[in-house]
There are 2 protein chains.
Amino acid sequence: MRIINFKKQINIIASGTAAGRMECEGRLGEIFDCIDKSDRFGMDTWEKSESEMQRRALDHAIKRSGYVKEQIDALYAGDLLNQCVGSSFGLVSFGIPFFGIYGACSTLGEGMMLASLMIESGGGSVCACSCSSHNCSAERQFRFPLEYGGQRPPTAQWTVTGAAAHILSCERAGMAKIKSALVGVAIDSGVADANNMGAAMAPAAADTLLRYFSETRQSPEEYDLILTGDLGYEGSSILHTLTKDRGLDISSVHDDCGMIIFDRERQDVHSGGSGCGCSGIVFGSYILPKLASGELSSVLLIPTGALMNPASIQQGQSILGIAHLLNISSCGKEV
Amino acid sequence: MRIINFKKQINIIASGTAAGRMECEGRLGEIFDCIDKSDRFGMDTWEKSESEMQRRALDHAIKRSGYVKEQIDALYAGDLLNQCVGSSFGLVSFGIPFFGIYGACSTLGEGMMLASLMIESGGGSVCACSCSSHNCSAERQFRFPLEYGGQRPPTAQWTVTGAAAHILSCERAGMAKIKSALVGVAIDSGVADANNMGAAMAPAAADTLLRYFSETRQSPEEYDLILTGDLGYEGSSILHTLTKDRGLDISSVHDDCGMIIFDRERQDVHSGGSGCGCSGIVFGSYILPKLASGELSSVLLIPTGALMNPASIQQGQSILGIAHLLNISSCGKEV
């Protein structure tokens with residue numbers, strides 16, 4: 001598949017984010033919309049806390065958009081919990097026509113892409129997308145219960161406690177617009193270490209970026225920022241090598257939400273942040289405002305995901321990577 | 001959201017199905033494309049067997065479509081396994097741009113809908129969708145390992161071992177065409193019994209059908225068949241009551257893939273079949289050929305899903321239902 005260039009003006013008109021303690025103590029500080037430093041969000045289980053984060057983030061995004069929930073044509077949502085229950089239970093109360101999606105940590109990108117395609121098709125004109133991860137629900141599901149206190153290797157990443165919702169519309173002016181998209185391909189590079197997700201995802205990010213620049217014949221420097229989702233320090237380094245080996249040097253304009261969110265000098269996060277919430281809250285609360293203000297004009301957003309589960313690891317399967325690309329620009333640039 | 005009426009001719013041009021022993025011994029017999037009565041499909045774990053079913057089903061569908069995999073613009077796939085690994089590992093070898101979806105047993109409908117929207121948007125012209133369930137991987141993940149031999153109540157359903165893939169295109173003549181679609185809304189009706197999925201999903205099917213007939217002002221008899229996904233005997237009976245209470249009598253034209261697939265006189269399946277594969281293989285190998293031959297002219301396909309996981313049940317959450325609707329007609333009808 002080639003790049004999809006949207007003919008309609010698909011605007012990101014509002015965002016809403018929720019985050020926990022570690023995220024607020026990181027490099028970005030308390031910039032998020034809904035904060036609970038107990039990470040509990042008023043709930044008695046971590047899974048319900050994650051659902052509540054998504055509910056608050058979407059509620060905030062809808063309010064900020066100026067729409068009411070009955071005006072939203074479709075909702076695309078996913079998370080890392082088994083059967084994506086963070087999304088379904090968190091968002092059922094809105095009553096919005098619902099598409100459950102599973103793109104692992106690439107869910108932000110998959111949701112925005114599908115919402116853009118819905119709007120482009122004319123099937124709907126206002127769509128929402130939502131995603132989340134919670135450190136405490138993810139760790140006990142994918143690795144060990146927190147109480148176990150297992151030691152983590154240097155390549156391990158810290159799952160972000162965060163939820164992000166975005167409202168897309170072709171009807172109203174936005175904070176930024178989605179100009180084009182390139183769908184990711186699942187890539188099996190043979191990595192089977194669940195404590196090195198960056199290495200598993202970097203080849204997928206490289207594949208998507210190489211396909212994008214091969215088709216557009218642009219140079220990376222034409223963008224203000226090439227922002228991957230959660231490769232972390234380890235995965236970003238691998239991405240730079242993989243792309244440079246193929247003649248594409250992105251190092252001067254590349255950053256990664258997993259490196260942006262935490263401060264690894266002060267926080268015990270090893271290779272950086274990860275999870276659906278990582279790219280979600282960094283984009284929604286840090287990058288999108290810069291696009292709205294014009295501080296950034298053009299961003300390639302590439303949320304990255306690792307497709308696996310504990311049983312697949314135990315059964316000797318490797319971890320598949322995927323990376324979806326969105327070309328997002330400030331609305332002011334071409335007006 | 002209102003009904004989406006597709007302006008392009010979105011054709012289902014081919015299907016491929018895979019099934020196991022129980023399915024071949026059911027009411028439909030050995031009509032499926034890829035059969036392995038050991039249910040193993042050459043693999044050493046049930047999860048890998050499920051992935052292999054999806055691989056074979058998609059391979060068959062692509063071959064039958066006349067396309068090669070490089071011509072397929074996007075693939076939408078999901079299953080019931082944690083993190084949808086049945087789909088990602090089963091389909092990675094095709095290298096097709098990939099959207100992971102999670103709609104529980106409604107995945108057939110969600111995938112066809114998203115693929116139709118991609119084609120309608122002009123972003124791609126040939127799309128594939130794929131889904132699966134496997135009795136042995138599902139039972140041990142959601143309920144008990146098979147070896148436990150737990151007794152099942154009369155409302156329980158039997159998860160179908162099956163995978164189905166469909167190729168949609170606006171370029172070539174098809175076996176049937178998708179005329180319109182109505183996206184489902186997640187419904188919480190308070191049912192929390194994991195052995196009565198039919199009761200949890202019936203209110204969602206009723207909601208979607210009532211919205212559809214309210215907007216179209218048609219009567220159910222204008223369709224040859226209203227086909228729900230996997231409500232089974234229990235859920236179908238509840239659906240008839242719920243719709244009749246609201247003035248919509250579908251009983252003369254309604255059937256359910258969960259009632260069609262197995263023979264409950266001869267097979268110990270209690271309330272009928274369930275799983276993504278249930279609606280997938282019944283539609284792909286039984287209904288679609290009838291649309292192609294003209295034996296059926298117009299079908300409302302409503303795959304149903306139950307959004308939950310074992311942890312959400314243990315934490316006292318109810319089971320959410322969802323039902324997506326597709327209006328599918330034979331290509332001959334209006335030509």
# chains A, B, ... in the order shown; residues from 1 in each chain; ligands from 1
>>> residues_around(residues="Lys179 in chain B", least_positions_apart="6", cutoff="9 Å", atoms="only C-alpha atoms", output="list in words")
Ile4, Asn5, Phe6, Lys7, Lys8, Gln9, Ile10, Asn11, Leu326, Asn327, Ile328 and Ser329 of chain B
>>> write_last_selection(atoms="all heavy atoms", output="mmCIF file, in the first residue's frame")
data_model
loop_
_atom_site.group_PDB
_atom_site.id
_atom_site.type_symbol
_atom_site.label_atom_id
_atom_site.label_comp_id
_atom_site.auth_asym_id
_atom_site.auth_seq_id
_atom_site.Cartn_x
_atom_site.Cartn_y
_atom_site.Cartn_z
ATOM 1 N N ILE B 4 -24.369 3.969 7.221
ATOM 2 C CA ILE B 4 -23.431 4.397 6.182
ATOM 3 C C ILE B 4 -23.809 3.699 4.882
ATOM 4 O O ILE B 4 -23.730 2.470 4.789
ATOM 5 C CB ILE B 4 -21.977 4.023 6.567
ATOM 6 C CG1 ILE B 4 -21.603 4.651 7.907
ATOM 7 C CG2 ILE B 4 -21.007 4.455 5.460
ATOM 8 C CD1 ILE B 4 -20.326 4.073 8.509
ATOM 9 N N ASN B 5 -24.256 4.445 3.905
ATOM 10 C CA ASN B 5 -24.595 3.877 2.591
ATOM 11 C C ASN B 5 -23.398 4.049 1.664
ATOM 12 O O ASN B 5 -23.004 5.181 1.368
ATOM 13 C CB ASN B 5 -25.825 4.578 2.011
ATOM 14 C CG ASN B 5 -27.077 4.258 2.800
ATOM 15 O OD1 ASN B 5 -27.501 3.113 2.868
ATOM 16 N ND2 ASN B 5 -27.655 5.274 3.435
ATOM 17 N N PHE B 6 -22.820 2.949 1.231
ATOM 18 C CA PHE B 6 -21.610 3.044 0.411
ATOM 19 C C PHE B 6 -21.958 3.463 -1.012
ATOM 20 O O PHE B 6 -22.865 2.909 -1.635
ATOM 21 C CB PHE B 6 -20.867 1.705 0.421
ATOM 22 C CG PHE B 6 -20.400 1.325 1.803
ATOM 23 C CD1 PHE B 6 -20.950 0.246 2.473
ATOM 24 C CD2 PHE B 6 -19.424 2.077 2.451
ATOM 25 C CE1 PHE B 6 -20.528 -0.088 3.751
ATOM 26 C CE2 PHE B 6 -19.008 1.748 3.735
ATOM 27 C CZ PHE B 6 -19.563 0.660 4.386
ATOM 28 N N LYS B 7 -21.225 4.454 -1.495
ATOM 29 C CA LYS B 7 -21.454 4.935 -2.856
ATOM 30 C C LYS B 7 -20.734 4.054 -3.869
ATOM 31 O O LYS B 7 -21.182 3.882 -4.988
ATOM 32 C CB LYS B 7 -20.993 6.385 -2.993
ATOM 33 C CG LYS B 7 -21.822 7.347 -2.130
ATOM 34 C CD LYS B 7 -21.379 8.788 -2.321
ATOM 35 C CE LYS B 7 -22.035 9.697 -1.293
ATOM 36 N NZ LYS B 7 -21.470 9.493 0.077
ATOM 37 N N LYS B 8 -19.591 3.534 -3.469
ATOM 38 C CA LYS B 8 -18.874 2.625 -4.368
ATOM 39 C C LYS B 8 -19.506 1.230 -4.311
ATOM 40 O O LYS B 8 -20.163 0.875 -3.337
ATOM 41 C CB LYS B 8 -17.403 2.542 -3.956
ATOM 42 C CG LYS B 8 -16.646 3.824 -4.210
ATOM 43 C CD LYS B 8 -15.156 3.631 -4.054
ATOM 44 C CE LYS B 8 -14.440 4.955 -4.318
ATOM 45 N NZ LYS B 8 -13.064 4.957 -3.841
ATOM 46 N N GLN B 9 -19.271 0.453 -5.342
ATOM 47 C CA GLN B 9 -19.697 -0.946 -5.331
ATOM 48 C C GLN B 9 -18.634 -1.751 -4.586
ATOM 49 O O GLN B 9 -17.546 -2.004 -5.113
ATOM 50 C CB GLN B 9 -19.865 -1.457 -6.766
ATOM 51 C CG GLN B 9 -20.106 -2.957 -6.864
ATOM 52 C CD GLN B 9 -21.493 -3.319 -7.389
ATOM 53 O OE1 GLN B 9 -22.334 -2.456 -7.637
ATOM 54 N NE2 GLN B 9 -21.734 -4.604 -7.544
ATOM 55 N N ILE B 10 -18.936 -2.093 -3.357
ATOM 56 C CA ILE B 10 -17.963 -2.823 -2.544
ATOM 57 C C ILE B 10 -18.318 -4.305 -2.577
ATOM 58 O O ILE B 10 -19.297 -4.744 -1.974
ATOM 59 C CB ILE B 10 -17.922 -2.254 -1.115
ATOM 60 C CG1 ILE B 10 -17.402 -0.810 -1.203
ATOM 61 C CG2 ILE B 10 -17.033 -3.112 -0.223
ATOM 62 C CD1 ILE B 10 -17.524 -0.007 0.031
ATOM 63 N N ASN B 11 -17.521 -5.049 -3.327
ATOM 64 C CA ASN B 11 -17.812 -6.463 -3.553
ATOM 65 C C ASN B 11 -17.005 -7.371 -2.643
ATOM 66 O O ASN B 11 -15.826 -7.125 -2.401
ATOM 67 C CB ASN B 11 -17.492 -6.829 -5.010
ATOM 68 C CG ASN B 11 -18.447 -6.181 -5.984
ATOM 69 O OD1 ASN B 11 -19.647 -6.078 -5.713
ATOM 70 N ND2 ASN B 11 -17.925 -5.729 -7.124
ATOM 71 N N LEU B 326 -24.212 -5.304 8.761
ATOM 72 C CA LEU B 326 -23.878 -5.106 7.347
ATOM 73 C C LEU B 326 -25.056 -5.534 6.487
ATOM 74 O O LEU B 326 -25.617 -6.625 6.686
ATOM 75 C CB LEU B 326 -22.650 -5.944 6.971
ATOM 76 C CG LEU B 326 -21.343 -5.527 7.650
ATOM 77 C CD1 LEU B 326 -20.423 -6.719 7.817
ATOM 78 C CD2 LEU B 326 -20.661 -4.423 6.860
ATOM 79 N N ASN B 327 -25.424 -4.699 5.553
ATOM 80 C CA ASN B 327 -26.496 -5.019 4.604
ATOM 81 C C ASN B 327 -25.829 -5.520 3.326
ATOM 82 O O ASN B 327 -25.177 -4.762 2.616
ATOM 83 C CB ASN B 327 -27.327 -3.760 4.359
ATOM 84 C CG ASN B 327 -28.375 -3.953 3.265
ATOM 85 O OD1 ASN B 327 -28.598 -5.065 2.796
ATOM 86 N ND2 ASN B 327 -29.000 -2.861 2.861
ATOM 87 N N ILE B 328 -25.997 -6.815 3.067
ATOM 88 C CA ILE B 328 -25.274 -7.464 1.970
ATOM 89 C C ILE B 328 -26.281 -8.023 0.972
ATOM 90 O O ILE B 328 -27.253 -8.677 1.367
ATOM 91 C CB ILE B 328 -24.382 -8.603 2.520
ATOM 92 C CG1 ILE B 328 -23.429 -8.039 3.582
ATOM 93 C CG2 ILE B 328 -23.607 -9.287 1.398
ATOM 94 C CD1 ILE B 328 -22.592 -9.094 4.285
ATOM 95 N N SER B 329 -26.045 -7.785 -0.285
ATOM 96 C CA SER B 329 -26.996 -8.318 -1.273
ATOM 97 C C SER B 329 -26.262 -9.045 -2.386
ATOM 98 O O SER B 329 -25.068 -8.847 -2.606
ATOM 99 C CB SER B 329 -27.862 -7.197 -1.848
ATOM 100 O OG SER B 329 -27.083 -6.354 -2.645
#
>>> select_by_dssp(residues="range 172-280 of chain B", states="helix (DSSP H, G or I)", output="PyMOL selection string")
chain B and resi 197-216+220-222+232-245+257-260+276-280
>>> atom_distance(atom1="CA of Asp207 in chain A", atom2="CA of Ser251 in chain A")
15.9 Å
>>> residues_around(residues="range 91-97 of chain A", least_positions_apart="4", cutoff="9 Å", atoms="only C-alpha atoms", output="JSON, numbers by chain")
{"A": [51, 52, 54, 55, 58, 59, 69, 70, 71, 72, 73, 74, 75, 76, 77, 86, 87], "B": [1, 182, 183, 184, 185, 186, 187, 188, 320]}
>>> residues_around(residues="Tyr67 in chain A", least_positions_apart="6", cutoff="10 Å", atoms="only C-alpha atoms", output="list of chain:residue names")
A:Ala61, A:Val126, A:Ile167
>>> write_last_selection(atoms="C-alpha atoms", output="CSV table (one decimal), in the first residue's frame")
chain,number,residue,atom,x,y,z
A,61,ALA,CA,-11.4,15.9,25.0
A,126,VAL,CA,-16.6,13.7,13.8
A,167,ILE,CA,-11.3,14.4,18.6
>>> residues_around(residues="range 31-36 of chain A", least_positions_apart="3", cutoff="12 Å", atoms="only C-alpha atoms", output="JSON, numbers by chain")
{"A": [14, 15, 16, 17, 18, 19, 20, 21, 22, 23, 24, 25, 26, 27, 28, 39, 40, 41, 42, 43, 49, 50, 52, 53, 54, 55, 56, 57, 58, 59, 60, 61, 63, 64, 161, 162, 163, 164, 165, 261, 277, 280, 281, 282, 283, 284, 285, 286, 287, 289]}
>>> write_last_selection(atoms="C-alpha atoms", output="mmCIF file, in the first residue's frame")
data_model
loop_
_atom_site.group_PDB
_atom_site.id
_atom_site.type_symbol
_atom_site.label_atom_id
_atom_site.label_comp_id
_atom_site.auth_asym_id
_atom_site.auth_seq_id
_atom_site.Cartn_x
_atom_site.Cartn_y
_atom_site.Cartn_z
ATOM 1 C CA ALA A 14 -9.025 18.636 20.784
ATOM 2 C CA SER A 15 -7.179 16.271 23.076
ATOM 3 C CA GLY A 16 -7.597 15.031 26.615
ATOM 4 C CA THR A 17 -4.939 13.242 28.656
ATOM 5 C CA ALA A 18 -4.741 11.495 32.014
ATOM 6 C CA ALA A 19 -1.532 10.529 33.803
ATOM 7 C CA GLY A 20 -0.107 9.279 37.090
ATOM 8 C CA ARG A 21 2.693 10.173 39.478
ATOM 9 C CA MET A 22 5.772 9.035 37.555
ATOM 10 C CA GLU A 23 4.628 10.878 34.436
ATOM 11 C CA CYS A 24 4.104 14.124 36.364
ATOM 12 C CA GLU A 25 7.553 13.781 37.937
ATOM 13 C CA GLY A 26 9.171 13.292 34.516
ATOM 14 C CA ARG A 27 10.675 15.727 32.028
ATOM 15 C CA LEU A 28 7.342 17.255 31.043
ATOM 16 C CA ASP A 39 -2.320 6.224 40.051
ATOM 17 C CA ARG A 40 -5.690 4.853 41.250
ATOM 18 C CA PHE A 41 -8.148 7.359 39.788
ATOM 19 C CA GLY A 42 -10.586 6.474 42.551
ATOM 20 C CA MET A 43 -10.828 2.796 41.690
ATOM 21 C CA SER A 49 -8.139 2.617 37.218
ATOM 22 C CA GLU A 50 -7.026 2.259 33.615
ATOM 23 C CA GLU A 52 -11.340 5.386 34.476
ATOM 24 C CA MET A 53 -8.303 7.154 32.989
ATOM 25 C CA GLN A 54 -9.704 6.574 29.499
ATOM 26 C CA ARG A 55 -13.136 7.774 30.589
ATOM 27 C CA ARG A 56 -11.715 11.005 32.029
ATOM 28 C CA ALA A 57 -9.444 11.634 29.049
ATOM 29 C CA LEU A 58 -12.258 11.217 26.530
ATOM 30 C CA ASP A 59 -14.653 13.257 28.643
ATOM 31 C CA HIS A 60 -12.075 16.058 28.747
ATOM 32 C CA ALA A 61 -11.397 15.886 25.015
ATOM 33 C CA LYS A 63 -15.716 18.977 26.412
ATOM 34 C CA ARG A 64 -12.748 20.823 24.980
ATOM 35 C CA THR A 161 0.375 5.218 33.284
ATOM 36 C CA GLY A 162 -1.549 7.369 30.883
ATOM 37 C CA ALA A 163 -4.601 7.699 28.676
ATOM 38 C CA ALA A 164 -5.159 9.992 25.719
ATOM 39 C CA ALA A 165 -8.201 10.858 23.630
ATOM 40 C CA ILE A 261 8.329 11.408 28.974
ATOM 41 C CA GLY A 277 -0.292 5.902 26.922
ATOM 42 C CA GLY A 280 -0.739 9.203 23.610
ATOM 43 C CA ILE A 281 -0.047 11.674 26.399
ATOM 44 C CA VAL A 282 3.202 13.028 24.952
ATOM 45 C CA PHE A 283 1.470 13.796 21.668
ATOM 46 C CA GLY A 284 -1.761 15.069 23.217
ATOM 47 C CA SER A 285 -0.302 17.311 25.916
ATOM 48 C CA TYR A 286 3.149 18.241 24.593
ATOM 49 C CA ILE A 287 3.378 17.999 20.797
ATOM 50 C CA PRO A 289 -0.016 22.298 21.618
#
